[in-house]
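For reference, the structure is listed below as structure tokens.
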Amino acid sequence: MATPRTFLGRLPLPERTYIASALRTETVGGVLLLVAAIAALIWANTPISDSYTAVGDYHFGPASLGLDLSVRHWAADGLLAVFFFVAGIELKRELVAGELRDPKAAALPVIAALCGMIMPALVYVLVNVVGGGSTDGWAVPTATDIAFALAVLAVLGTSLPSALRAFLLTLAVVDDLFAILIIAIFFTSDIDLAALAGAFVALTVFWLLLRKGVRGWYVYVPLALVVWALMYNSGVHATVAGVAMGLMLRCVRHEGEEQSPGERVEHLVRPLSAGLAVPLFALFSAGVPVSGSALATVFTRPETLGVVLGLVVGKALGIFGGTWLTARFTRAKLNEDLAWPDILAVATLAGIGFTVSLLIGELAFTGDPGLTDEVKAAVLAGSVIAAVLAAVLLRVRVRTYRALDDAEELDEDMDGVPDIYEQDDPAYHLRMAAIHEGKAAEHRRLAEHAAATRKDGAGPA
């Protein structure tokens, strides 16, 4: 009889190292994202709120190229292309070198992410069919914001085990892929075939240069701007260009390489995405009027209530249910160090939608600025509620998480490799034996010294 496969088990050391590095950057970016969102809310709800609108609506750019855009538009279509470029590289790396390269291992996060998008959409549609609202915003609660989620973890001081962190990151990567497909398929109106053909030609040139091994930012940055501009003018959302270029980078290391080109570029661009692009987008998208009546509307209007329930209830049920069903029907066994409440906590944390949800909210209700603002307020409310619920669930097991994290970090022989990864290495055990023998010899010496001191002290005065 086949041994049941374990899921959410210990990660290989290279994968754990990569994820730890990526999540550190995203955590810093998440804190900046929180600061930007708070700044936007303050700016939009003070006597100088008119300046917030004026700055966001300020237009600049070459009109002859169809790029005379508002600041808000540049943030949504331009800066978020950088975010999706990084997402494209992440997805490519996951597919060829990460959790998604093995179909059996990939089934769990992919199905969990799909269920975590389908369920919120169903919740939104159900609420609006029953309440007589617009179903146009069905995609708004389907997205997860990994940076915001990590910022919540940083504020809580919760050290999730690496397996759960990897699960959350993989969920977000798959989530980003389907989010961009939703944007490309459902939020593309009129197509300019000439511009679209030009974008494909430019992407082909981009791909050929990569395959030929051409290097130099001065080649790729101007070409990327051309791809982005053509994609924008084609009518397809410009962020699709970012994902397409990210997927083209090689993410498999050749012999002698410390990093693949994709890893190297991601290492350079991720701080720009997490530290500048996404916070600036939040600054010009999260500034919505907040008042008692506005908050009341969030929980009474079907469109906004559907967003809140989709993020808070739909995400948690979808991810948890998809994970449980996958484990049930593949006879996979949960890592014995974890428990199903841990999966529920991560699923609830994934209800923090923010960045992509705000973007989709703008696209879904373009012709109704008032409803757009209300939907944005609903995204903020839903994300905050999901964060609070996740915080409660995570705090229940925080001691367990810290113990597991400490065990993963322990390096008694101080060779730079956590001890948990060296249990099958004879050299490690010989090093530890020498360390313990040294400690034993020191304790014997101290014992002899203590005995001699006591004997001398017991003698005549």
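Please note that chains go A, B, ... in the order of the structure tokens, that every chain numbers its residues from 1, and that ligands are numbered from 1 in the order shown.
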Item to check | alpha helix (DSSP H) positions in region 199-440 of chain A, given as JSON, numbers by chain | outcome: {"A": [199, 200, 201, 202, 203, 204, 205, 206, 207, 208, 209, 210, 211, 217, 218, 219, 220, 221, 222, 223, 224, 225, 226, 227, 228, 229, 230, 231, 232, 233, 234, 239, 240, 241, 242, 243, 244, 245, 246, 247, 248, 261, 262, 263, 264, 265, 266, 267, 268, 269, 270, 271, 272, 278, 279, 280, 281, 282, 283, 284, 285, 292, 293, 294, 295, 296, 297, 298, 302, 303, 304, 305, 306, 307, 308, 309, 315, 316, 317, 318, 319, 320, 321, 322, 323, 324, 325, 326, 327, 328, 329, 330, 340, 341, 342, 343, 344, 345, 346, 347, 348, 349, 355, 356, 357, 358, 359, 360, 361, 362, 363, 364, 369, 370, 371, 372, 373, 374, 375, 376, 377, 378, 379, 380, 381, 382, 383, 384, 385, 386, 387, 388, 389, 390, 391, 392, 393, 394, 395, 396, 398, 399, 400, 401, 402, 403, 404, 405, 406, 407, 408, 409, 426, 427, 428, 429, 430, 431, 432, 433, 434, 435, 436, 437, 438, 439, 440]}
Using only C-alpha atoms, which residues of region 343-403 of chain A come within 10 Å of region 171-190 of chain A, and what is the closest atom pair for each, with the distance in Å to one decimal? Give it as CSV, sorted by chain and residue number.
```
residue,atom,partner,partner_atom,distance
A:Ala347,CA,A:Leu171,CA,9.6
A:Ala350,CA,A:Ala172,CA,8.1
A:Val356,CA,A:Ala179,CA,7.6
A:Ser357,CA,A:Ala179,CA,9.1
A:Leu359,CA,A:Ile183,CA,9.3
A:Ile360,CA,A:Ile183,CA,7.3
A:Leu363,CA,A:Phe187,CA,6.6
A:Ala364,CA,A:Phe187,CA,7.4
```
Give me the residues within 9 Å of region 12-29 of chain A as a PDB file with C-alpha atoms, in the first residue's frame, counting only C-alpha atoms and dropping any in the same chain fewer than 4 places off.
```
ATOM      1  CA  LEU A  33       1.528  49.880   1.592  1.00  0.00           C
ATOM      2  CA  LEU A  34      -0.267  50.258   4.934  1.00  0.00           C
ATOM      3  CA  ALA A  97      11.845  25.428 -10.007  1.00  0.00           C
ATOM      4  CA  GLY A  98       9.322  25.895  -7.207  1.00  0.00           C
ATOM      5  CA  GLU A  99       6.212  24.328  -5.718  1.00  0.00           C
ATOM      6  CA  ILE A 146       0.380  39.113  -0.308  1.00  0.00           C
ATOM      7  CA  ALA A 147       2.194  42.315   0.750  1.00  0.00           C
ATOM      8  CA  PHE A 148      -0.714  43.518   2.903  1.00  0.00           C
ATOM      9  CA  ALA A 149      -1.072  40.035   4.433  1.00  0.00           C
ATOM     10  CA  LEU A 150       2.628  39.920   5.303  1.00  0.00           C
ATOM     11  CA  ALA A 151       2.430  43.404   6.803  1.00  0.00           C
ATOM     12  CA  VAL A 152      -0.304  42.121   9.122  1.00  0.00           C
ATOM     13  CA  LEU A 153       1.958  39.218  10.126  1.00  0.00           C
ATOM     14  CA  ALA A 154       4.810  41.670  10.767  1.00  0.00           C
ATOM     15  CA  SER A 162       8.104  28.227   6.350  1.00  0.00           C
ATOM     16  CA  ALA A 163       5.636  25.691   4.928  1.00  0.00           C
ATOM     17  CA  ARG A 165       4.515  31.024   4.385  1.00  0.00           C
ATOM     18  CA  ALA A 166       5.298  29.159   1.160  1.00  0.00           C
ATOM     19  CA  LEU A 169       3.000  32.926  -1.302  1.00  0.00           C
ATOM     20  CA  HIS A 267      15.966  40.639  -6.930  1.00  0.00           C
ATOM     21  CA  ARG A 270      11.029  43.507  -6.428  1.00  0.00           C
ATOM     22  CA  PRO A 271      12.104  46.367  -4.104  1.00  0.00           C
ATOM     23  CA  SER A 273       7.585  47.075  -6.990  1.00  0.00           C
ATOM     24  CA  ALA A 274       7.015  46.548  -3.261  1.00  0.00           C
ATOM     25  CA  GLY A 275       8.599  49.790  -2.075  1.00  0.00           C
ATOM     26  CA  LEU A 276       7.418  52.285  -4.702  1.00  0.00           C
ATOM     27  CA  VAL A 278       2.361  49.398  -5.132  1.00  0.00           C
ATOM     28  CA  PRO A 279       2.432  52.029  -2.327  1.00  0.00           C
ATOM     29  CA  VAL A 417      22.852  25.602   7.662  1.00  0.00           C
ATOM     30  CA  PRO A 418      19.911  25.004  10.030  1.00  0.00           C
ATOM     31  CA  TYR A 421      18.418  20.057   7.329  1.00  0.00           C
TER      32      TYR A 421
END
```
Next on the checklist: So the first atom is CA of Met248 (chain A) and the second is CA of Ala87 (chain A); what is the distance between them in Å, to one decimal place?
Outcome noted: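 Result for CA of Met248 (chain A) versus CA of Ala87 (chain A): 12.0 Å, one decimal.
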Residue contacts of Ala391 (chain A) (9 Å, only C-alpha atoms) excluding same-chain residues fewer than 2 positions away, as a PDB file with C-alpha atoms, in the first residue's frame:
```pdb
ATOM      1  CA  VAL A 152      -0.304  42.121   9.122  1.00  0.00           C
ATOM      2  CA  LEU A 153       1.958  39.218  10.126  1.00  0.00           C
ATOM      3  CA  LEU A 156       1.394  40.847  14.896  1.00  0.00           C
ATOM      4  CA  THR A 158       3.705  36.086  14.194  1.00  0.00           C
ATOM      5  CA  ALA A 345      -6.050  31.068   9.667  1.00  0.00           C
ATOM      6  CA  LEU A 349      -5.576  36.021   6.016  1.00  0.00           C
ATOM      7  CA  ALA A 386     -10.246  39.628   7.380  1.00  0.00           C
ATOM      8  CA  ALA A 387      -7.008  40.895   8.967  1.00  0.00           C
ATOM      9  CA  VAL A 388      -8.610  41.134  12.432  1.00  0.00           C
ATOM     10  CA  LEU A 389     -10.151  37.649  12.210  1.00  0.00           C
ATOM     11  CA  LEU A 393      -6.883  32.808  14.737  1.00  0.00           C
ATOM     12  CA  LEU A 394      -3.110  33.185  14.454  1.00  0.00           C
ATOM     13  CA  ARG A 395      -2.653  34.355  18.047  1.00  0.00           C
ATOM     14  CA  VAL A 396      -4.279  31.144  19.301  1.00  0.00           C
TER      15      VAL A 396
END
```
Checklist entry - So how many Å separate CA of Lys92 (chain A) and CA of Leu209 (chain A), to one decimal? => result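 Computed distance, CA of Lys92 (chain A) to CA of Leu209 (chain A), equals 17.9 Å.
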Next on the checklist: What's around region 335-341 of chain A at 7 Å? Count only C-alpha atoms, leave out sequence neighbours fewer than 4 positions away in its own chain, and write the answer as a list of chain:residue names.
Outcome noted: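 That gives A:Thr6, A:Phe7, A:Leu8, A:Gly9, A:Ala345.
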Item to check | Residue nearest Val375 (chain A) among A:Asp145, A:Asp102, A:Glu303, A:Asp68 (counting only C-alpha atoms) | outcome: A:Glu303
Checklist entry - What is the CA of Val201 (chain A) to CA of His73 (chain A) distance in Å? => result 25.2 Å
Using only C-alpha atoms, which protein or nucleic acid residues come within 10 Å of Gly314 (chain A)? Drop anything in the same chain fewer than 2 positions from it, and give the result as a compact mmCIF listing (two decimals) with C-alpha atoms, in the first residue's frame.
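Produced file part29.txt, reproduced below:
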```txt
# COMPACT_ATOMS: atom_id res chain seq x y z
CA CYS A 115 -11.59 27.70 -4.96
CA GLY A 116 -10.42 30.84 -3.17
CA MET A 117 -11.41 32.86 -6.24
CA ILE A 118 -14.55 31.01 -7.27
CA MET A 119 -16.20 31.07 -3.83
CA PRO A 120 -15.87 34.87 -3.30
CA ALA A 121 -17.27 35.45 -6.80
CA LEU A 122 -20.23 33.16 -6.01
CA VAL A 123 -20.83 34.90 -2.68
CA TYR A 124 -20.81 38.30 -4.42
CA PRO A 141 -13.26 40.03 -3.99
CA THR A 142 -11.32 37.32 -5.83
CA GLY A 306 -21.05 41.35 -1.64
CA VAL A 307 -17.43 42.55 -1.71
CA VAL A 308 -17.08 42.43 2.08
CA LEU A 309 -18.65 38.98 2.42
CA GLY A 310 -16.71 37.72 -0.59
CA LEU A 311 -13.39 38.71 0.99
CA VAL A 312 -14.19 37.68 4.56
CA ALA A 316 -11.82 31.61 3.89
CA LEU A 317 -14.38 28.99 2.86
CA GLY A 318 -12.96 28.65 -0.64
CA ILE A 319 -9.30 28.16 0.30
CA PHE A 320 -9.98 26.02 3.37
CA ALA A 347 -7.26 31.13 4.38
CA THR A 348 -8.76 33.96 6.42
CA GLY A 351 -9.15 37.58 2.46
```
Checklist entry - Pick from A:Glu374, A:Leu223, A:Met432, A:Thr355: nearest to Ala296 (chain A), with only C-alpha atoms counted? => result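 Closest to Ala296 (chain A) of all the choices is A:Glu374.
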Item to check | Counting only C-alpha atoms, the option among A:Leu41, A:Leu114, A:Leu32, A:Val219 closest to Gly322 (chain A) | outcome: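 Under the stated criterion, the closest residue is A:Leu114.
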Checklist entry - Do you know which residues are at most 6 Å from region 224-236 of chain A counting only C-alpha atoms, after dropping those on the same chain fewer than 2 positions away, and could you put them as a PyMOL selection string? => result chain A and resi 188+190-192+195-196+199+202+220-222+238+241
Quick one: write out the picked residues with N, CA, C and O atoms as a PDB file, in the first residue's frame?
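Below is the file that was written, selection.pdb:
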```
ATOM      1  N   THR A 188     -11.557  43.987 -21.030  1.00  0.00           N
ATOM      2  CA  THR A 188     -11.008  44.525 -22.271  1.00  0.00           C
ATOM      3  C   THR A 188     -12.177  44.887 -23.162  1.00  0.00           C
ATOM      4  O   THR A 188     -13.033  44.036 -23.444  1.00  0.00           O
ATOM      5  N   ASP A 190     -12.750  47.726 -26.448  1.00  0.00           N
ATOM      6  CA  ASP A 190     -12.437  47.810 -27.875  1.00  0.00           C
ATOM      7  C   ASP A 190     -10.971  47.474 -28.105  1.00  0.00           C
ATOM      8  O   ASP A 190     -10.087  47.978 -27.413  1.00  0.00           O
ATOM      9  N   ILE A 191     -10.730  46.638 -29.106  1.00  0.00           N
ATOM     10  CA  ILE A 191      -9.378  46.205 -29.423  1.00  0.00           C
ATOM     11  C   ILE A 191      -8.860  46.948 -30.648  1.00  0.00           C
ATOM     12  O   ILE A 191      -9.523  46.990 -31.684  1.00  0.00           O
ATOM     13  N   ASP A 192      -7.671  47.532 -30.498  1.00  0.00           N
ATOM     14  CA  ASP A 192      -6.967  48.125 -31.643  1.00  0.00           C
ATOM     15  C   ASP A 192      -5.997  47.063 -32.143  1.00  0.00           C
ATOM     16  O   ASP A 192      -4.941  46.823 -31.542  1.00  0.00           O
ATOM     17  N   ALA A 195      -2.253  48.093 -32.819  1.00  0.00           N
ATOM     18  CA  ALA A 195      -1.449  48.263 -31.610  1.00  0.00           C
ATOM     19  C   ALA A 195      -1.172  46.912 -30.947  1.00  0.00           C
ATOM     20  O   ALA A 195      -0.064  46.660 -30.459  1.00  0.00           O
ATOM     21  N   LEU A 196      -2.177  46.020 -30.972  1.00  0.00           N
ATOM     22  CA  LEU A 196      -2.002  44.696 -30.372  1.00  0.00           C
ATOM     23  C   LEU A 196      -0.950  43.900 -31.135  1.00  0.00           C
ATOM     24  O   LEU A 196      -0.096  43.232 -30.530  1.00  0.00           O
ATOM     25  N   ALA A 199       2.388  45.173 -30.208  1.00  0.00           N
ATOM     26  CA  ALA A 199       2.795  44.685 -28.888  1.00  0.00           C
ATOM     27  C   ALA A 199       3.352  43.271 -28.982  1.00  0.00           C
ATOM     28  O   ALA A 199       4.375  42.942 -28.360  1.00  0.00           O
ATOM     29  N   ALA A 202       6.828  43.421 -30.529  1.00  0.00           N
ATOM     30  CA  ALA A 202       7.795  43.897 -29.538  1.00  0.00           C
ATOM     31  C   ALA A 202       8.094  42.824 -28.494  1.00  0.00           C
ATOM     32  O   ALA A 202       9.246  42.658 -28.069  1.00  0.00           O
ATOM     33  N   TYR A 220      16.642  46.544 -22.540  1.00  0.00           N
ATOM     34  CA  TYR A 220      15.352  45.989 -22.153  1.00  0.00           C
ATOM     35  C   TYR A 220      14.370  47.021 -21.597  1.00  0.00           C
ATOM     36  O   TYR A 220      13.162  46.897 -21.807  1.00  0.00           O
ATOM     37  N   VAL A 221      14.854  48.013 -20.874  1.00  0.00           N
ATOM     38  CA  VAL A 221      13.931  49.005 -20.313  1.00  0.00           C
ATOM     39  C   VAL A 221      13.213  49.793 -21.409  1.00  0.00           C
ATOM     40  O   VAL A 221      11.976  49.903 -21.390  1.00  0.00           O
ATOM     41  N   PRO A 222      13.920  50.350 -22.419  1.00  0.00           N
ATOM     42  CA  PRO A 222      13.198  51.044 -23.498  1.00  0.00           C
ATOM     43  C   PRO A 222      12.247  50.114 -24.250  1.00  0.00           C
ATOM     44  O   PRO A 222      11.122  50.511 -24.594  1.00  0.00           O
ATOM     45  N   ALA A 238      -2.898  47.286 -19.662  1.00  0.00           N
ATOM     46  CA  ALA A 238      -1.446  47.364 -19.848  1.00  0.00           C
ATOM     47  C   ALA A 238      -0.668  46.467 -18.901  1.00  0.00           C
ATOM     48  O   ALA A 238       0.476  46.099 -19.185  1.00  0.00           O
ATOM     49  N   ALA A 241       1.095  43.301 -20.161  1.00  0.00           N
ATOM     50  CA  ALA A 241       2.450  43.371 -20.715  1.00  0.00           C
ATOM     51  C   ALA A 241       3.483  42.991 -19.667  1.00  0.00           C
ATOM     52  O   ALA A 241       4.468  42.300 -19.974  1.00  0.00           O
TER      53      ALA A 241
END
```
